[in-house]
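Shown below: target_33.cif, with mmCIF, C-alpha atoms.
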data_data
loop_
_atom_site.label_atom_id
_atom_site.label_comp_id
_atom_site.auth_asym_id
_atom_site.auth_seq_id
_atom_site.Cartn_x
_atom_site.Cartn_y
_atom_site.Cartn_z
CA MET A 1 -170.32 -94.16 -6.33
CA LEU A 2 -169.51 -90.53 -5.72
CA THR A 3 -165.86 -91.27 -5.02
CA ARG A 4 -165.62 -93.34 -8.19
CA LEU A 5 -167.10 -90.50 -10.22
CA ASN A 6 -164.64 -88.19 -8.51
CA ALA A 7 -161.71 -90.43 -9.41
CA LEU A 8 -162.97 -90.64 -12.98
CA LEU A 9 -163.38 -86.89 -13.44
CA PHE A 10 -160.39 -85.76 -11.38
CA PRO A 11 -157.68 -88.41 -11.69
CA HIS A 12 -155.16 -85.77 -10.66
CA PRO A 13 -156.89 -83.08 -8.56
CA LEU A 14 -153.76 -80.99 -8.00
CA LEU A 15 -153.09 -80.85 -11.75
CA THR A 16 -156.70 -79.78 -12.30
CA ALA A 17 -156.36 -76.93 -9.80
CA LEU A 18 -153.02 -75.90 -11.32
CA LEU A 19 -154.46 -75.86 -14.85
CA VAL A 20 -157.40 -73.67 -13.77
CA ILE A 21 -155.03 -71.19 -12.11
CA VAL A 22 -152.61 -71.14 -15.06
CA TRP A 23 -155.51 -70.64 -17.49
CA CYS A 24 -156.87 -67.68 -15.49
CA LEU A 25 -153.37 -66.17 -15.36
CA LEU A 26 -152.92 -66.65 -19.12
CA ILE A 27 -156.22 -64.91 -19.83
CA ASN A 28 -155.14 -62.29 -17.29
CA GLY A 29 -158.59 -61.76 -15.88
CA LEU A 30 -161.18 -63.40 -13.71
CA SER A 31 -164.67 -63.91 -15.12
CA LEU A 32 -167.17 -66.74 -14.97
CA GLY A 33 -166.45 -67.76 -18.56
CA THR A 34 -162.71 -67.94 -17.94
CA VAL A 35 -163.13 -70.10 -14.85
CA VAL A 36 -165.62 -72.43 -16.54
CA PHE A 37 -163.36 -72.94 -19.55
CA GLY A 38 -160.41 -73.39 -17.19
CA VAL A 39 -162.31 -76.11 -15.34
CA ILE A 40 -163.16 -77.81 -18.63
CA LEU A 41 -159.47 -77.80 -19.57
CA GLY A 42 -158.60 -78.92 -16.05
CA ILE A 43 -160.84 -81.96 -16.45
CA LEU A 44 -159.95 -82.86 -20.05
CA ILE A 45 -156.16 -82.50 -19.94
CA PRO A 46 -155.54 -84.80 -16.92
CA ILE A 47 -157.81 -87.46 -18.46
CA ALA A 48 -156.11 -87.19 -21.86
CA THR A 49 -152.61 -87.36 -20.38
CA SER A 50 -153.26 -89.96 -17.68
CA VAL A 51 -151.35 -92.66 -19.62
CA TYR A 52 -148.16 -90.65 -19.21
CA TRP A 53 -148.09 -90.81 -15.43
CA PRO A 54 -148.92 -94.38 -14.42
CA ASP A 55 -147.12 -94.21 -11.05
CA ARG A 56 -147.68 -90.64 -10.07
CA PRO A 57 -146.75 -89.97 -6.46
CA ARG A 58 -149.35 -89.43 -3.78
CA VAL A 59 -148.96 -86.04 -2.17
CA PRO A 60 -150.29 -86.57 1.35
CA ARG A 61 -149.80 -83.00 2.54
CA PRO A 62 -150.11 -80.62 -0.43
CA SER A 63 -150.78 -77.65 1.88
CA ARG A 64 -147.17 -77.79 3.06
CA LEU A 65 -145.99 -77.15 -0.51
CA LEU A 66 -146.97 -73.52 -0.02
CA ALA A 67 -144.91 -73.18 3.15
CA TYR A 68 -142.02 -74.87 1.34
CA ALA A 69 -142.29 -72.39 -1.54
CA VAL A 70 -142.18 -69.44 0.87
CA ILE A 71 -139.06 -70.80 2.58
CA VAL A 72 -137.33 -71.44 -0.75
CA ILE A 73 -138.12 -67.95 -2.07
CA TRP A 74 -136.84 -66.38 1.14
CA ASP A 75 -133.65 -68.46 0.91
CA ILE A 76 -133.19 -67.47 -2.72
CA ILE A 77 -133.27 -63.79 -1.75
CA LEU A 78 -130.91 -64.16 1.23
CA ALA A 79 -128.44 -66.43 -0.54
CA ASN A 80 -128.41 -64.30 -3.69
CA VAL A 81 -127.05 -61.43 -1.60
CA GLN A 82 -124.40 -63.72 -0.09
CA VAL A 83 -123.30 -64.99 -3.50
CA ALA A 84 -123.21 -61.45 -4.88
CA MET A 85 -120.87 -60.49 -2.02
CA ILE A 86 -118.67 -63.53 -2.74
CA VAL A 87 -118.51 -62.73 -6.45
CA LEU A 88 -117.78 -59.05 -5.91
CA PHE A 89 -115.41 -59.02 -2.96
CA LYS A 90 -113.80 -62.42 -2.50
CA PRO A 91 -110.60 -62.96 -4.50
CA ASN A 92 -110.50 -66.16 -6.54
CA SER A 93 -107.49 -67.44 -4.62
CA LYS A 94 -109.48 -67.52 -1.38
CA MET A 95 -112.42 -69.29 -2.94
CA SER A 96 -112.84 -72.98 -2.23
CA PRO A 97 -115.24 -74.59 -4.70
CA ASN A 98 -116.09 -78.11 -3.69
CA TRP A 99 -118.01 -81.21 -4.70
CA VAL A 100 -120.48 -82.29 -2.05
CA PRO A 101 -122.11 -85.75 -2.14
CA VAL A 102 -125.51 -85.62 -0.47
CA PRO A 103 -126.92 -89.01 0.55
CA LEU A 104 -130.68 -89.05 0.01
CA ASP A 105 -133.47 -90.32 2.23
CA LEU A 106 -136.06 -89.43 -0.40
CA ARG A 107 -137.15 -92.21 -2.73
CA THR A 108 -139.90 -90.65 -4.87
CA PRO A 109 -138.43 -89.50 -8.21
CA GLU A 110 -140.61 -86.37 -8.21
CA ALA A 111 -139.42 -85.40 -4.75
CA ILE A 112 -135.77 -85.89 -5.74
CA THR A 113 -136.37 -83.75 -8.83
CA MET A 114 -137.81 -81.00 -6.65
CA LEU A 115 -134.88 -81.22 -4.26
CA ALA A 116 -132.38 -81.02 -7.14
CA GLY A 117 -134.23 -78.02 -8.57
CA THR A 118 -134.28 -76.30 -5.20
CA ILE A 119 -130.55 -76.87 -4.75
CA THR A 120 -129.82 -75.30 -8.13
CA LEU A 121 -132.13 -72.33 -7.55
CA THR A 122 -130.70 -71.48 -4.15
CA PRO A 123 -127.44 -69.71 -4.88
CA GLY A 124 -124.08 -71.19 -4.06
CA THR A 125 -125.02 -74.74 -4.95
CA VAL A 126 -125.75 -76.56 -8.23
CA SER A 127 -126.91 -80.15 -8.39
CA ALA A 128 -124.87 -81.94 -11.03
CA ASP A 129 -125.50 -85.66 -10.98
CA LEU A 130 -127.41 -88.47 -9.36
CA CYS A 131 -125.98 -91.69 -8.04
CA ASP A 132 -126.53 -94.83 -10.12
CA ASP A 133 -129.24 -96.20 -7.82
CA GLY A 134 -130.68 -92.82 -6.87
CA SER A 135 -129.35 -92.88 -3.32
CA ALA A 136 -127.15 -89.79 -3.48
CA LEU A 137 -126.98 -86.44 -5.20
CA LEU A 138 -123.79 -84.80 -6.42
CA VAL A 139 -123.80 -81.09 -5.62
CA HIS A 140 -121.24 -78.47 -6.57
CA ALA A 141 -120.77 -75.65 -4.07
CA LEU A 142 -119.28 -72.33 -5.14
CA ASP A 143 -117.57 -71.53 -1.87
CA ALA A 144 -117.66 -74.27 0.74
CA PRO A 145 -114.64 -74.63 2.99
CA ASP A 146 -116.69 -77.20 4.92
CA PRO A 147 -118.61 -79.56 2.58
CA ASP A 148 -120.25 -81.37 5.50
CA ALA A 149 -121.99 -78.19 6.61
CA VAL A 150 -123.48 -77.72 3.13
CA ARG A 151 -124.68 -81.31 3.13
CA ASP A 152 -126.27 -81.01 6.57
CA GLU A 153 -128.02 -77.79 5.65
CA ILE A 154 -129.52 -79.26 2.48
CA LYS A 155 -130.65 -82.36 4.34
CA HIS A 156 -132.08 -80.47 7.27
CA ARG A 157 -133.65 -77.50 5.53
CA TYR A 158 -135.05 -78.92 2.30
CA GLU A 159 -135.01 -82.69 2.27
CA ARG A 160 -136.74 -83.05 5.63
CA ARG A 161 -139.59 -80.82 4.47
CA LEU A 162 -139.93 -82.58 1.10
CA LYS A 163 -140.07 -85.89 2.91
CA GLU A 164 -142.98 -84.60 4.97
CA ILE A 165 -144.77 -83.47 1.80
CA PHE A 166 -144.22 -86.54 -0.35
CA GLU A 167 -143.72 -89.53 1.92
CA MET B 168 -145.36 -41.68 -6.03
CA LEU B 169 -145.04 -44.68 -3.76
CA ALA B 170 -145.52 -46.95 -6.78
CA ASP B 171 -142.76 -45.12 -8.63
CA ILE B 172 -140.36 -45.66 -5.75
CA LEU B 173 -141.23 -49.35 -5.57
CA ILE B 174 -140.84 -49.78 -9.34
CA SER B 175 -137.47 -48.02 -9.36
CA ALA B 176 -136.25 -50.06 -6.39
CA CYS B 177 -137.24 -53.32 -8.07
CA LEU B 178 -135.59 -52.28 -11.35
CA LEU B 179 -132.38 -51.30 -9.58
CA ILE B 180 -132.24 -54.51 -7.54
CA GLY B 181 -132.95 -56.61 -10.63
CA GLY B 182 -130.36 -54.76 -12.68
CA PHE B 183 -127.77 -55.10 -9.92
CA PHE B 184 -128.13 -58.85 -9.54
CA THR B 185 -128.19 -59.44 -13.30
CA LEU B 186 -125.01 -57.40 -13.60
CA VAL B 187 -123.34 -59.32 -10.77
CA GLY B 188 -124.33 -62.57 -12.52
CA SER B 189 -122.65 -61.46 -15.74
CA TYR B 190 -119.59 -60.19 -13.88
CA GLY B 191 -119.31 -63.52 -12.07
CA LEU B 192 -119.25 -65.27 -15.42
CA ILE B 193 -116.04 -63.39 -16.26
CA LYS B 194 -114.44 -63.35 -12.85
CA LEU B 195 -114.87 -66.88 -11.54
CA ARG B 196 -112.45 -69.63 -12.57
CA GLY B 197 -113.43 -73.07 -13.80
CA SER B 198 -116.54 -74.04 -15.69
CA MET B 199 -118.38 -75.38 -12.62
CA SER B 200 -117.86 -72.15 -10.66
CA ARG B 201 -118.88 -70.08 -13.68
CA LEU B 202 -122.07 -72.07 -13.92
CA HIS B 203 -123.18 -70.60 -10.58
CA ALA B 204 -123.40 -67.02 -11.80
CA PRO B 205 -125.94 -67.29 -14.66
CA THR B 206 -128.19 -69.85 -12.97
CA LYS B 207 -128.52 -67.42 -10.08
CA SER B 208 -129.07 -64.11 -11.81
CA SER B 209 -132.08 -65.64 -13.48
CA THR B 210 -133.78 -66.10 -10.12
CA LEU B 211 -133.59 -62.92 -8.07
CA GLY B 212 -132.58 -60.63 -10.94
CA VAL B 213 -135.32 -61.57 -13.35
CA GLY B 214 -137.82 -62.05 -10.51
CA SER B 215 -137.25 -58.51 -9.36
CA LEU B 216 -137.49 -57.06 -12.88
CA LEU B 217 -140.76 -58.90 -13.40
CA SER B 218 -142.08 -57.60 -10.08
CA ALA B 219 -141.35 -54.07 -11.31
CA SER B 220 -143.36 -54.80 -14.46
CA MET B 221 -146.22 -56.15 -12.36
CA ILE B 222 -146.30 -53.16 -10.02
CA HIS B 223 -146.22 -50.80 -13.00
CA SER B 224 -149.15 -52.53 -14.65
CA PHE B 225 -151.23 -52.34 -11.48
CA ALA B 226 -150.35 -48.72 -10.78
CA TYR B 227 -150.78 -47.32 -14.29
CA GLY B 228 -152.76 -49.80 -16.32
CA GLU B 229 -155.17 -52.66 -16.13
CA GLY B 230 -153.08 -54.87 -13.92
CA SER B 231 -151.34 -57.93 -15.20
CA LEU B 232 -150.35 -61.23 -13.61
CA HIS B 233 -148.63 -62.74 -16.64
CA GLU B 234 -145.33 -62.09 -14.88
CA LEU B 235 -146.17 -64.71 -12.26
CA LEU B 236 -146.40 -67.30 -15.04
CA ILE B 237 -143.08 -66.21 -16.51
CA MET B 238 -141.47 -66.58 -13.09
CA ALA B 239 -143.05 -70.00 -12.53
CA PHE B 240 -141.87 -71.37 -15.89
CA LEU B 241 -138.43 -69.81 -15.47
CA PHE B 242 -138.00 -71.29 -11.99
CA ALA B 243 -139.06 -74.68 -13.29
CA THR B 244 -136.71 -74.67 -16.32
CA ALA B 245 -133.59 -72.79 -15.12
CA PRO B 246 -132.30 -75.69 -12.96
CA ILE B 247 -132.60 -78.06 -15.92
CA ALA B 248 -130.40 -75.88 -18.11
CA GLY B 249 -127.88 -75.66 -15.26
CA ASN B 250 -127.97 -79.41 -14.79
CA PHE B 251 -127.28 -79.99 -18.50
CA ILE B 252 -124.20 -77.76 -18.41
CA ALA B 253 -122.97 -79.59 -15.31
CA LYS B 254 -123.53 -82.92 -17.07
CA VAL B 255 -121.49 -81.81 -20.07
CA HIS B 256 -118.71 -80.79 -17.71
CA LEU B 257 -118.76 -84.22 -16.07
CA HIS B 258 -118.66 -85.97 -19.46
CA ARG B 259 -115.65 -83.93 -20.54
CA GLN B 260 -113.86 -85.01 -17.37
CA ARG B 261 -114.42 -88.68 -18.12
CA GLY B 262 -111.36 -90.71 -17.18
CA LYS B 263 -109.91 -88.15 -14.78
CA PRO B 264 -112.74 -87.30 -12.40
CA ASP B 265 -111.86 -85.41 -9.25
CA LEU B 266 -115.18 -86.27 -7.67
CA PRO B 267 -115.83 -87.68 -4.22
CA PRO B 268 -117.25 -91.21 -4.50
CA PRO B 269 -120.93 -91.78 -3.69
CA PRO B 270 -121.64 -93.19 -0.22
CA ASP B 271 -122.39 -96.74 -1.41
CA ASP B 272 -120.70 -98.97 -3.95
CA TYR B 273 -122.49 -97.37 -6.85
CA ALA B 274 -121.07 -94.85 -9.30
CA TRP B 275 -122.32 -91.40 -10.34
CA SER B 276 -124.75 -92.05 -13.16
CA THR B 277 -122.74 -90.04 -15.72
CA TYR B 278 -119.83 -92.49 -15.33
CA VAL B 279 -121.73 -95.75 -15.26
CA LYS B 280 -120.39 -98.21 -17.81
CA LYS B 281 -123.18 -99.45 -19.99
#
Turn the structure described in the file into structure tokens.
Amino acid sequence: MLTRLNALLFPHPLLTALLVIVWCLLINGLSLGTVVFGVILGILIPIATSVYWPDRPRVPRPSRLLAYAVIVIWDIILANVQVAMIVLFKPNSKMSPNWVPVPLDLRTPEAITMLAGTITLTPGTVSADLCDDGSALLVHALDAPDPDAVRDEIKHRYERRLKEIFE
Amino acid sequence: MLADILISACLLIGGFFTLVGSYGLIKLRGSMSRLHAPTKSSTLGVGSLLSASMIHSFAYGEGSLHELLIMAFLFATAPIAGNFIAKVHLHRQRGKPDLPPPPDDYAWSTYVKK
């Protein structure tokens, strides 16, 4: 009974939490009224939009998303410095831009989207295209003399963690 | 005093990376390489400028966390813009692609014949 009521009110608990947080940030303050209205929005919006996500993915370990975000932000900072050095000091003739195909173990569309977004945000790589059946990602690397190393790093550092979160 | 130093440092770092992003747009060769510069400066550059704004608001005003939202939306949308530019590049190369083939027998989805 209680679980059914729960499923009815919170069809998408993570979205509810996210909406409450975003609402409080938009108001730019924390008061009882803000939180209550945020919770009302957080209940109404997921119910109203539930038809748009019929096969939403289960997220078995949402707590690891936070650790993933920290790693990605740290990588963005480190790699930004590297790319700035490449842009400033490496002559174009010594640059070796390369296409890197990355075979995917992930199957959930949302997880692949997150991986592609992460690849684009971390400097030096841009995700350009997906394979026809979704089994590989086409990545462009700014300066990669060794494409295999780029592929292995993406697979090891990001895809493995996303697989733990989503699958 | 400490806040001022932090704000100045964040502004300088943000300005530096935004400048490097713009310089990269001129210096790099080829549309795919050029794509790297602007999609990057929007992450660390803008993130650092927004941090400066946040520190300033907490040190001298009421405190504001709107910047976190700006960063979140920017980080969610910047890769999509980059992906669209890459897609356009792939479409313009139709017929003479210099791409590595995907691991299986499938094609990259931009070049699939409908």
Ground truth for the PyMOL selection byres ((chain A and resi 141) around 6), written as a PDB file with C-alpha atoms, keeping the file's coordinate frame:
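So the final result, stored in expr_2.pdb, reads:
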ATOM      1  CA  PRO A  97    -115.240 -74.590  -4.700  1.00  0.00           C
ATOM      2  CA  ASN A  98    -116.090 -78.110  -3.690  1.00  0.00           C
ATOM      3  CA  GLY A 124    -124.080 -71.190  -4.060  1.00  0.00           C
ATOM      4  CA  THR A 125    -125.020 -74.740  -4.950  1.00  0.00           C
ATOM      5  CA  HIS A 140    -121.240 -78.470  -6.570  1.00  0.00           C
ATOM      6  CA  LEU A 142    -119.280 -72.330  -5.140  1.00  0.00           C
ATOM      7  CA  ASP A 143    -117.570 -71.530  -1.870  1.00  0.00           C
ATOM      8  CA  ALA A 144    -117.660 -74.270   0.740  1.00  0.00           C
TER       9      ALA A 144
END
Residues within 9 Å of segment 185-199 of chain B, only C-alpha atoms, excluding chain neighbours under 3 positions, as number ranges by chain: A: 84, 87-88, 92, 97, 126, 140-142; B: 180-182, 202-209, 211-213, 252-253, 256
Output check: residues returned by the PyMOL selection byres ((chain A and resi 102) around 6), as a count of residues only: 5
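Distances to chain B were evaluated for A:Leu8, A:Ala128, A:Ala69, A:Ile112 using only C-alpha atoms, and the minimum falls at A:Ala128.
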Nearest to Leu30 of chain A by atom-to-atom distance, counting all atoms listed in the file, from B:Ser175, B:Ser200, B:Ser231, B:Thr210: B:Ser231
Who sits within 12 Å of Trp23 of chain A, only C-alpha atoms, same chain under 6 positions skipped, as a PyMOL selection string: (chain A and resi 15-17+29-31+33-42) or (chain B and resi 232-233+236)
Polymer residues at most 9 Å from (-135.6, -92.9, -0.2) by only C-alpha atoms, as a PyMOL selection string: chain A and resi 104-108+112+134-135+163
Among listed residues B:Ala274, B:Ile174, B:Val279, B:Met168, nearest Ala219 of chain B (using all atoms listed in the file): B:Ile174
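One distance worth recording is that between atom CA of Arg259 of chain B and atom CA of Pro91 of chain A, which is 26.9 Å.
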Leaving out Ser63 of chain A and any residue of its chain fewer than 5 positions from it, which residues lie within 12 Å of it when counting only C-alpha atoms, given as a tab-separated table (two decimals) with C-alpha atoms, in the coordinates of the input?
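Result went into part-v3.tsv, see below:
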chain	number	residue	atom	x	y	z
A	14	LEU	CA	-153.76	-80.99	-8.00
A	68	TYR	CA	-142.02	-74.87	1.34
A	69	ALA	CA	-142.29	-72.39	-1.54
A	70	VAL	CA	-142.18	-69.44	0.87
A	161	ARG	CA	-139.59	-80.82	4.47
A	162	LEU	CA	-139.93	-82.58	1.10
A	164	GLU	CA	-142.98	-84.60	4.97
A	165	ILE	CA	-144.77	-83.47	1.80
A	166	PHE	CA	-144.22	-86.54	-0.35
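A straight line drawn from atom CA of Leu216 of chain B to atom CA of Ala239 of chain B is 14.1 Å long.
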